[in-house]
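Text of input.tsv, listed as TSV, C-alpha atoms:
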```tsv
chain	number	residue	atom	x	y	z
A	116	MET	CA	80.36	174.44	102.85
A	117	ASN	CA	79.46	172.20	105.73
A	118	PRO	CA	79.15	168.52	104.95
A	119	ASP	CA	75.54	167.51	104.64
A	120	ARG	CA	74.12	164.11	105.35
A	121	ARG	CA	73.82	163.17	101.65
A	122	GLN	CA	77.48	163.84	101.00
A	123	PHE	CA	78.59	162.00	104.12
A	124	LEU	CA	76.59	158.91	103.20
A	125	LEU	CA	77.95	159.03	99.66
A	126	GLU	CA	81.56	159.18	100.78
A	127	THR	CA	81.10	156.43	103.39
A	128	GLY	CA	79.31	154.25	100.85
A	129	LYS	CA	82.16	154.65	98.36
A	130	LEU	CA	84.71	153.74	101.01
A	131	LEU	CA	82.77	150.65	102.07
A	132	VAL	CA	82.28	149.37	98.51
A	133	LEU	CA	85.88	150.00	97.61
A	134	SER	CA	87.30	148.31	100.70
A	135	ALA	CA	85.00	145.29	100.31
A	136	SER	CA	86.07	144.63	96.72
A	137	ALA	CA	89.69	145.28	97.65
A	138	SER	CA	89.51	142.73	100.43
A	139	VAL	CA	87.99	140.13	98.09
A	140	ALA	CA	90.71	140.79	95.54
A	141	TRP	CA	93.30	140.59	98.29
A	142	GLU	CA	92.03	137.21	99.47
A	143	ALA	CA	92.35	135.93	95.90
A	144	ILE	CA	95.90	137.25	95.71
A	145	VAL	CA	97.13	135.72	98.97
A	146	ALA	CA	95.37	132.42	98.34
A	147	GLY	CA	97.29	131.77	95.14
A	148	ARG	CA	96.17	129.20	92.58
A	149	PRO	CA	93.91	126.40	93.79
A	150	GLU	CA	95.72	123.04	93.87
A	151	THR	CA	95.39	121.06	90.70
A	152	ALA	CA	95.87	117.34	90.22
A	153	GLU	CA	95.23	115.33	87.11
A	154	ASN	CA	92.28	112.93	87.18
A	155	TYR	CA	91.65	113.52	90.85
A	156	THR	CA	89.02	115.69	92.50
A	157	MET	CA	89.39	115.91	96.24
A	158	THR	CA	85.73	116.52	96.93
A	159	ASP	CA	84.78	113.23	95.24
A	160	HIS	CA	86.50	111.13	97.92
A	161	TRP	CA	86.27	110.41	101.62
A	162	TRP	CA	88.94	107.88	102.52
A	163	SER	CA	88.76	105.27	105.23
A	164	MET	CA	89.94	101.74	105.93
A	165	VAL	CA	88.45	98.51	107.21
A	166	ILE	CA	90.55	96.08	109.20
A	167	ASP	CA	89.36	92.54	109.65
A	168	ILE	CA	90.95	91.23	112.83
A	169	GLU	CA	89.60	87.78	112.09
A	170	ALA	CA	91.75	87.71	108.94
A	171	CYS	CA	95.00	89.16	110.31
A	172	ILE	CA	97.77	86.55	110.62
A	173	GLY	CA	100.47	88.89	111.98
A	174	CYS	CA	102.88	88.36	109.08
A	175	GLY	CA	104.12	91.96	109.32
A	176	ASN	CA	103.93	92.59	105.57
A	177	CYS	CA	102.08	95.85	106.16
A	178	VAL	CA	104.71	97.14	108.58
A	179	ARG	CA	107.59	96.36	106.23
A	180	ALA	CA	105.79	97.68	103.15
A	181	CYS	CA	104.86	100.91	104.95
A	182	LYS	CA	108.45	101.59	106.03
A	183	GLU	CA	109.66	100.82	102.51
A	184	GLU	CA	107.09	102.98	100.75
A	185	ASN	CA	107.22	105.94	103.07
A	186	ASP	CA	110.89	106.00	104.09
A	187	VAL	CA	110.09	105.57	107.78
A	188	PRO	CA	113.18	105.25	110.04
A	189	ARG	CA	113.96	101.53	110.31
A	190	LYS	CA	114.69	101.75	114.04
A	191	GLU	CA	112.24	100.54	116.64
A	192	GLN	CA	109.54	102.93	117.83
A	193	TYR	CA	109.16	104.67	114.46
A	194	PHE	CA	106.03	103.31	112.83
A	195	ARG	CA	103.29	104.64	110.62
A	196	THR	CA	101.55	101.31	111.04
A	197	TRP	CA	102.29	98.47	113.42
A	198	VAL	CA	100.72	95.23	114.61
A	199	GLU	CA	99.97	94.35	118.22
A	200	ARG	CA	99.29	90.86	119.53
A	201	TYR	CA	96.80	90.32	122.28
A	202	ARG	CA	96.36	87.49	124.76
A	203	VAL	CA	93.22	88.01	126.81
A	204	LYS	CA	91.61	85.97	129.58
A	205	PRO	CA	87.97	85.89	128.50
A	206	ASP	CA	86.76	87.07	131.92
A	207	ASP	CA	89.34	89.83	132.33
A	208	LEU	CA	89.07	92.32	129.49
A	209	GLU	CA	90.75	94.97	131.61
A	210	HIS	CA	94.14	93.25	131.62
A	211	PRO	CA	95.12	91.96	128.21
A	212	VAL	CA	98.72	90.89	127.66
A	213	VAL	CA	99.84	92.99	124.70
A	214	ASP	CA	103.15	93.16	122.91
A	215	SER	CA	104.45	94.34	119.58
A	216	PRO	CA	108.11	93.30	119.10
A	217	ASN	CA	109.58	95.84	116.67
A	218	GLY	CA	106.01	96.68	115.69
A	219	GLY	CA	105.70	93.31	113.96
A	220	TYR	CA	108.40	94.28	111.43
A	221	ASP	CA	110.17	90.94	111.94
A	222	GLY	CA	106.97	88.98	112.34
A	223	PHE	CA	106.06	87.55	115.71
A	224	PRO	CA	108.49	85.05	117.20
A	225	ASP	CA	106.53	82.56	119.23
A	226	LYS	CA	106.47	83.30	122.90
A	227	GLY	CA	105.53	80.26	124.91
A	228	GLY	CA	102.84	77.88	123.83
A	229	PRO	CA	99.16	78.60	123.53
A	230	ASP	CA	97.22	79.39	126.66
A	231	ALA	CA	94.13	77.20	126.39
A	232	GLU	CA	92.30	79.53	128.78
A	233	ALA	CA	92.89	82.69	126.76
A	234	LYS	CA	91.98	84.10	123.38
A	235	HIS	CA	94.65	85.25	120.99
A	236	PHE	CA	94.53	87.73	118.11
A	237	PHE	CA	96.48	90.39	116.24
A	238	VAL	CA	95.43	94.04	115.94
A	239	PRO	CA	96.98	96.12	113.15
A	240	LYS	CA	97.05	99.82	113.96
A	241	LEU	CA	97.54	103.00	112.00
A	242	CYS	CA	96.34	106.59	111.96
A	243	ASN	CA	92.55	106.53	112.18
A	244	HIS	CA	92.23	109.62	109.97
A	245	CYS	CA	89.65	111.05	112.35
A	246	SER	CA	87.18	113.48	110.87
A	247	ASN	CA	87.19	115.42	114.15
A	248	SER	CA	90.76	114.88	115.11
A	249	PRO	CA	92.33	116.02	118.38
A	250	CYS	CA	95.76	116.30	116.73
A	251	VAL	CA	94.44	118.84	114.23
A	252	GLN	CA	92.73	120.81	116.97
A	253	VAL	CA	95.88	121.23	119.06
A	254	CYS	CA	98.32	122.16	116.29
A	255	PRO	CA	99.24	125.79	117.01
A	256	VAL	CA	100.46	126.64	113.50
A	257	GLY	CA	98.20	124.76	111.09
A	258	ALA	CA	100.87	122.19	110.20
A	259	THR	CA	98.57	119.22	110.68
A	260	PHE	CA	95.20	119.27	109.04
A	261	GLY	CA	92.35	117.22	107.67
A	262	SER	CA	92.33	117.30	103.89
A	263	PRO	CA	89.07	117.80	101.97
A	264	ASP	CA	89.15	114.08	101.07
A	265	GLY	CA	89.31	112.94	104.69
A	266	VAL	CA	93.01	112.28	105.23
A	267	VAL	CA	94.91	113.78	108.16
A	268	LEU	CA	98.21	115.10	106.82
A	269	VAL	CA	101.25	116.98	108.10
A	270	ASP	CA	102.86	119.97	106.41
A	271	LYS	CA	106.51	119.19	107.09
A	272	THR	CA	107.64	122.64	106.06
A	273	TYR	CA	105.34	124.19	108.63
A	274	CYS	CA	105.72	121.82	111.60
A	275	LEU	CA	107.63	123.25	114.54
A	276	GLY	CA	108.18	119.89	116.22
A	277	CYS	CA	106.33	121.06	119.35
A	278	ARG	CA	104.89	117.56	120.00
A	279	TYR	CA	101.42	118.75	121.08
A	280	CYS	CA	99.84	116.49	118.49
A	281	VAL	CA	101.95	113.51	119.58
A	282	GLN	CA	100.40	113.84	123.01
A	283	ALA	CA	96.94	114.64	121.73
A	284	CYS	CA	96.54	111.54	119.53
A	285	PRO	CA	94.57	109.02	121.61
A	286	TYR	CA	95.87	106.19	119.44
A	287	GLY	CA	99.62	106.87	119.66
A	288	CYS	CA	99.94	107.15	115.91
A	289	ARG	CA	102.45	109.98	115.72
A	290	PHE	CA	106.20	110.20	116.20
A	291	ILE	CA	108.93	112.77	115.75
A	292	ASP	CA	111.14	111.94	112.78
A	293	PRO	CA	114.68	112.14	114.22
A	294	ARG	CA	116.07	113.29	110.86
A	295	THR	CA	113.91	116.38	110.53
A	296	GLU	CA	112.65	116.91	114.09
A	297	THR	CA	109.17	117.26	112.65
A	298	VAL	CA	106.18	115.05	113.29
A	299	ASP	CA	105.42	112.13	111.03
A	300	LYS	CA	102.49	109.75	110.72
A	301	CYS	CA	100.47	107.63	108.31
A	302	THR	CA	99.34	109.64	105.28
A	303	LEU	CA	97.10	106.79	104.11
A	304	CYS	CA	99.64	106.68	101.24
A	305	TYR	CA	98.19	109.94	99.93
A	306	HIS	CA	100.70	109.83	97.06
A	307	ARG	CA	99.25	106.45	96.00
A	308	ILE	CA	95.51	106.81	96.62
A	309	THR	CA	95.38	110.07	94.65
A	310	LYS	CA	96.85	108.18	91.68
A	311	GLY	CA	94.32	105.37	91.76
A	312	LEU	CA	96.53	102.89	93.63
A	313	THR	CA	95.80	101.37	97.01
A	314	THR	CA	98.00	101.91	100.07
A	315	ALA	CA	101.26	99.98	100.45
A	316	CYS	CA	99.86	98.06	103.45
A	317	CYS	CA	96.68	97.03	101.62
A	318	GLU	CA	98.69	96.16	98.50
A	319	THR	CA	100.82	93.69	100.44
A	320	CYS	CA	98.30	92.28	102.92
A	321	PRO	CA	98.07	88.59	101.95
A	322	THR	CA	94.70	87.90	103.58
A	323	GLY	CA	92.83	91.08	102.71
A	324	ALA	CA	92.66	91.96	106.39
A	325	ARG	CA	93.22	95.61	105.46
A	326	GLN	CA	91.15	97.28	102.79
A	327	LEU	CA	91.23	100.89	101.74
A	328	GLY	CA	87.77	102.31	101.23
A	329	ASP	CA	86.29	105.42	99.68
A	330	LEU	CA	83.09	106.21	101.55
A	331	LYS	CA	81.99	108.69	98.86
A	332	ASN	CA	82.21	106.10	96.10
A	333	PRO	CA	78.93	104.17	96.10
A	334	LYS	CA	80.57	101.31	94.14
A	335	ASP	CA	83.33	100.76	96.68
A	336	PRO	CA	83.07	97.29	98.32
A	337	ILE	CA	83.61	98.95	101.71
A	338	HIS	CA	79.89	99.72	101.83
A	339	GLN	CA	78.98	96.07	101.52
A	340	PHE	CA	81.56	95.14	104.15
A	341	LEU	CA	80.24	97.73	106.60
A	342	ARG	CA	76.66	96.59	105.98
A	343	GLU	CA	77.41	92.93	106.53
A	344	HIS	CA	79.71	93.15	109.56
A	345	HIS	CA	79.45	94.54	113.04
A	346	VAL	CA	82.30	96.99	113.04
A	347	LEU	CA	83.70	99.34	115.64
A	348	VAL	CA	86.28	102.12	115.73
A	349	LEU	CA	88.94	102.38	118.42
A	350	LYS	CA	87.99	104.45	121.49
A	351	PRO	CA	84.57	105.54	120.19
A	352	GLN	CA	83.98	107.28	123.53
A	353	MET	CA	86.53	109.92	122.51
A	354	ALA	CA	84.28	111.06	119.66
A	355	THR	CA	87.21	111.56	117.31
A	356	GLY	CA	85.24	110.52	114.25
A	357	ALA	CA	87.77	107.77	113.55
A	358	LYS	CA	87.47	106.28	110.05
A	359	VAL	CA	89.38	103.01	110.51
A	360	TYR	CA	86.68	100.41	111.06
A	361	TYR	CA	87.58	97.16	112.81
A	362	ASN	CA	85.69	93.95	112.30
A	363	GLY	CA	85.88	91.52	115.21
A	364	LEU	CA	87.33	94.08	117.60
A	365	ASP	CA	87.60	92.71	121.12
A	366	GLY	CA	86.56	94.82	124.10
A	367	SER	CA	90.07	94.53	125.54
A	368	VAL	CA	91.68	96.48	122.69
A	369	ARG	CA	92.66	100.02	123.63
B	2	MET	CA	85.57	168.24	99.11
B	3	SER	CA	88.34	170.70	99.98
B	4	GLY	CA	85.64	172.91	101.36
B	5	TRP	CA	84.80	170.70	104.30
B	6	LEU	CA	88.42	169.60	104.77
B	7	LYS	CA	89.66	173.16	105.08
B	8	ASP	CA	90.33	173.24	108.80
B	9	LYS	CA	91.02	169.56	109.13
B	10	GLU	CA	94.55	168.95	107.90
B	11	HIS	CA	95.22	167.00	111.08
B	12	LEU	CA	92.59	164.50	109.96
B	13	ALA	CA	94.27	164.11	106.59
B	14	ARG	CA	97.61	163.55	108.29
B	15	MET	CA	96.08	160.91	110.53
B	16	ALA	CA	94.43	159.22	107.54
B	17	GLY	CA	97.82	159.19	105.82
B	18	LEU	CA	99.42	157.55	108.84
B	19	PHE	CA	96.67	154.94	108.97
B	20	ALA	CA	97.07	154.21	105.27
B	21	LEU	CA	100.80	153.81	105.75
B	22	GLY	CA	100.29	151.49	108.72
B	23	ILE	CA	97.75	149.36	106.89
B	24	THR	CA	100.01	149.11	103.85
B	25	ALA	CA	102.94	148.09	106.04
B	26	PHE	CA	100.75	145.42	107.68
B	27	LEU	CA	99.56	144.08	104.34
B	28	VAL	CA	103.10	143.92	102.96
B	29	PHE	CA	104.28	142.15	106.11
B	30	ARG	CA	101.40	139.69	105.91
B	31	TRP	CA	102.11	139.07	102.23
B	32	LEU	CA	105.72	138.29	103.06
B	33	MET	CA	104.95	136.04	106.04
B	34	VAL	CA	101.89	134.04	104.97
B	35	PRO	CA	102.69	131.38	102.36
B	36	ALA	CA	100.67	131.16	99.17
B	37	GLY	CA	97.58	129.03	99.51
B	38	PHE	CA	97.29	129.31	103.27
B	39	GLY	CA	93.60	129.31	104.19
B	40	LEU	CA	92.35	128.15	100.80
B	41	TYR	CA	90.80	124.96	102.22
B	42	GLY	CA	91.24	125.60	105.92
B	43	HIS	CA	93.83	126.68	108.45
B	44	TYR	CA	96.75	125.17	106.54
B	45	ARG	CA	98.87	125.65	103.44
B	46	ALA	CA	97.06	124.22	100.41
B	47	GLY	CA	100.40	123.35	98.80
B	48	ALA	CA	100.98	120.77	101.55
B	49	LEU	CA	98.49	118.53	99.73
B	50	ASP	CA	100.66	118.65	96.62
B	51	ASP	CA	103.73	117.93	98.76
B	52	ALA	CA	102.06	114.83	100.18
B	53	ARG	CA	101.07	113.75	96.70
B	54	ALA	CA	104.54	114.25	95.28
B	55	ARG	CA	106.26	111.61	97.43
B	56	PRO	CA	108.01	108.87	95.44
B	57	LEU	CA	106.27	105.54	94.88
B	58	HIS	CA	107.97	102.20	95.50
B	59	PHE	CA	105.20	99.65	95.06
B	60	ALA	CA	103.94	99.46	91.48
B	61	GLY	CA	100.60	97.84	92.30
B	62	ARG	CA	99.23	94.55	91.13
B	63	ALA	CA	97.79	95.89	87.86
B	64	ALA	CA	101.27	96.88	86.66
B	65	CYS	CA	102.57	93.33	87.28
B	66	GLU	CA	99.66	91.71	85.51
B	67	ASP	CA	100.24	93.83	82.40
B	68	CYS	CA	103.29	91.71	81.54
B	69	HIS	CA	103.11	88.49	83.55
B	70	ALA	CA	100.08	86.86	81.95
B	71	ASP	CA	101.54	83.38	82.62
B	72	VAL	CA	101.53	83.99	86.37
B	73	VAL	CA	98.02	85.44	86.22
B	74	ALA	CA	96.89	82.24	84.49
B	75	ALA	CA	98.73	80.05	87.01
B	76	ARG	CA	97.00	81.77	89.90
B	77	VAL	CA	93.44	81.47	88.62
B	78	GLY	CA	91.40	79.56	91.19
B	79	SER	CA	94.39	79.12	93.49
B	80	ARG	CA	94.25	79.85	97.19
B	81	HIS	CA	96.92	82.49	96.64
B	82	ALA	CA	94.98	84.19	93.84
B	83	ARG	CA	93.98	87.23	95.89
B	84	ILE	CA	97.46	88.01	97.20
B	85	GLY	CA	99.16	91.05	95.67
B	86	CYS	CA	102.33	90.20	93.76
B	87	GLU	CA	104.44	92.60	95.77
B	88	ALA	CA	103.33	91.03	99.04
B	89	CYS	CA	105.91	88.30	98.36
B	90	HIS	CA	108.17	89.82	95.70
B	91	GLY	CA	108.67	93.18	97.41
B	92	PRO	CA	108.40	96.73	96.04
B	93	LEU	CA	109.08	96.59	92.31
B	94	LEU	CA	108.19	99.91	90.71
B	95	GLU	CA	111.85	100.15	89.71
B	96	HIS	CA	111.46	96.88	87.80
B	97	VAL	CA	108.36	98.19	86.04
B	98	GLN	CA	109.96	101.50	85.13
B	99	ALA	CA	113.08	99.76	83.81
B	100	GLY	CA	110.85	97.74	81.48
B	101	GLY	CA	111.75	94.53	83.30
B	102	GLU	CA	115.50	95.13	82.98
B	103	MET	CA	116.05	95.27	86.73
B	104	LYS	CA	115.71	91.65	87.86
B	105	PRO	CA	114.26	91.34	91.36
B	106	ALA	CA	115.80	88.88	93.79
B	107	ARG	CA	113.89	85.61	94.16
B	108	PRO	CA	112.45	85.42	97.68
B	109	ASP	CA	113.77	82.72	100.01
B	110	SER	CA	110.76	80.45	100.42
B	111	ARG	CA	111.81	79.15	103.84
B	112	VAL	CA	111.65	82.68	105.23
B	113	LEU	CA	108.76	83.91	103.13
B	114	CYS	CA	106.34	81.00	103.55
B	115	ALA	CA	107.00	80.74	107.28
B	116	ARG	CA	106.03	84.38	107.82
B	117	CYS	CA	102.44	83.48	107.08
B	118	HIS	CA	102.24	79.73	107.62
B	119	GLN	CA	104.34	79.15	110.77
B	120	ALA	CA	101.86	77.93	113.38
B	121	SER	CA	100.93	80.39	116.11
B	122	PRO	CA	98.07	80.50	118.58
B	123	TRP	CA	97.52	84.15	117.60
B	124	LYS	CA	96.61	83.27	114.01
B	125	PRO	CA	92.98	82.63	113.07
B	126	LYS	CA	92.17	78.92	113.53
B	127	ALA	CA	90.98	78.50	109.94
B	128	PHE	CA	94.26	79.75	108.48
B	129	PRO	CA	96.53	76.91	107.18
B	130	GLN	CA	99.48	76.63	109.54
B	131	VAL	CA	102.36	74.21	110.08
B	132	VAL	CA	105.20	73.99	112.58
B	133	VAL	CA	107.85	74.51	109.92
B	134	ALA	CA	110.62	72.68	111.78
B	135	GLU	CA	108.47	69.53	112.03
B	136	HIS	CA	106.74	69.84	108.66
B	137	SER	CA	109.95	70.26	106.67
B	138	PRO	CA	113.23	70.41	108.61
B	139	GLU	CA	115.21	71.56	105.58
B	140	GLY	CA	115.03	72.40	101.89
B	141	PRO	CA	112.98	75.10	100.20
B	142	CYS	CA	109.18	74.97	100.51
B	143	ILE	CA	108.89	75.43	96.75
B	144	ALA	CA	110.54	72.02	96.26
B	145	CYS	CA	107.07	70.54	96.97
B	146	HIS	CA	104.62	73.47	96.83
B	147	LYS	CA	104.00	75.84	93.94
B	148	ALA	CA	103.99	79.33	95.38
B	149	HIS	CA	101.53	80.74	92.84
B	150	ALA	CA	99.11	77.83	93.17
B	151	PRO	CA	100.05	76.14	96.43
B	152	LYS	CA	98.94	72.61	95.85
B	153	MET	CA	101.44	69.77	96.02
B	154	SER	CA	103.22	69.59	92.69
```
Would you mind giving the structure from this file in structure tokens?
Amino acid sequence: MNPDRRQFLLETGKLLVLSASASVAWEAIVAGRPETAENYTMTDHWWSMVIDIEACIGCGNCVRACKEENDVPRKEQYFRTWVERYRVKPDDLEHPVVDSPNGGYDGFPDKGGPDAEAKHFFVPKLCNHCSNSPCVQVCPVGATFGSPDGVVLVDKTYCLGCRYCVQACPYGCRFIDPRTETVDKCTLCYHRITKGLTTACCETCPTGARQLGDLKNPKDPIHQFLREHHVLVLKPQMATGAKVYYNGLDGSVR
Amino acid sequence: MSGWLKDKEHLARMAGLFALGITAFLVFRWLMVPAGFGLYGHYRAGALDDARARPLHFAGRAACEDCHADVVAARVGSRHARIGCEACHGPLLEHVQAGGEMKPARPDSRVLCARCHQASPWKPKAFPQVVVAEHSPEGPCIACHKAHAPKMS
């Protein structure tokens, strides 16, 4: 008997239906169990931070607390957060004098007296947890990613140490951990904020210059702060969707 | 079905080969791709749990205030009232977990106070600052100032 059209369509239809359901089942098998955390729903949060430059006194508490909390190498040049000090001639925003001795870990030893002609201020820096992050886009293996609650994280078991992301970050927030040869960066204390605590840097900031904020929580004081202040993110021209908002940011800050 | 497959054993053989190849691919993929990869995006979902599982060191202010009601009372209305306890006393989750058994070291006020209050042109003008060497050449700051409520005692 030659195959007729009816039979052909029937067989093809069966194959299609079967393979579609099989592929759905397969996706469920490879995906494993969804992550589960007590008292925490990722989709209810969208984390960010505000930094008030007018309140920062450069004490270095945040830098020390961060290294303590997150086991960051104590040597120079390994920082998840650090503080820079700026001296800027008011008419020359292009050439600020910037330094950050040991990232501010030891505080800031005075260097010369005040320059009456210039303005002086500290700028704390950390990962901006960009919502459209260049570091995530360049990672070839999916080791760095934006979490559903707006934190950029690194999968240390997946990172190859290729350093693409170190170069891609416009803010210089990443480093290679010499102990593991994988990339490391601020996690916004993900292990703390998912347990209802604030970050180590915000916990220890004596002037409230750093404040963790949850943009999805309408009761979070960050909304009032953002409404009442003229804030800016670093390098807005790069369209990274940075979520660390600076109050009192000077045009000379890069 | 066997009717229209009669002269087409070569097709059946080919289908068998394809099935074998696809199975081999699926097994290989199952072995190579970790569980949870792709659940939320192009990454391993378990990495979120890894990030969450890191050990804590700072207990947080609420944990301190559970026991130290006297200090809470001393700080009411003080200019230091907003400062987290561990900003000065250091990370003390160990102390909390040991039920207060582990006694933290008392901070050296000459180092600690100067970190914030040593005069510097970089600090905001409104912030209280002193040149420590002129203000008090020696002796601990807490000989005159109360750290929790920093008025002259």
*State, in Å with one decimal place, the distance from CA of Leu93 in chain B to CA of Leu57 in chain B.*
9.7 Å
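In terms of minimum interatomic distance to Tyr155 in chain A, A:Thr309 ranks closest within A:Thr309, A:Ser367, A:Thr295, A:Asn332, counting all atoms listed in the file.
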*Which residues of chain B are close to chain A, meaning at most 7 Å apart when you count all atoms listed in the file, and how do they look as a VMD selection string?*
chain B and resid 4 to 5 31 36 to 40 43 to 44 46 to 48 52 to 55 57 to 59 61 84 to 85 87 to 88 116 to 117 121 to 125
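In this model, the gap between CA of Asn217 in chain A and CA of Lys190 in chain A comes to 8.2 Å.
One distance worth recording is that between CA of Thr196 in chain A and CA of Asp292 in chain A, which is 14.4 Å.
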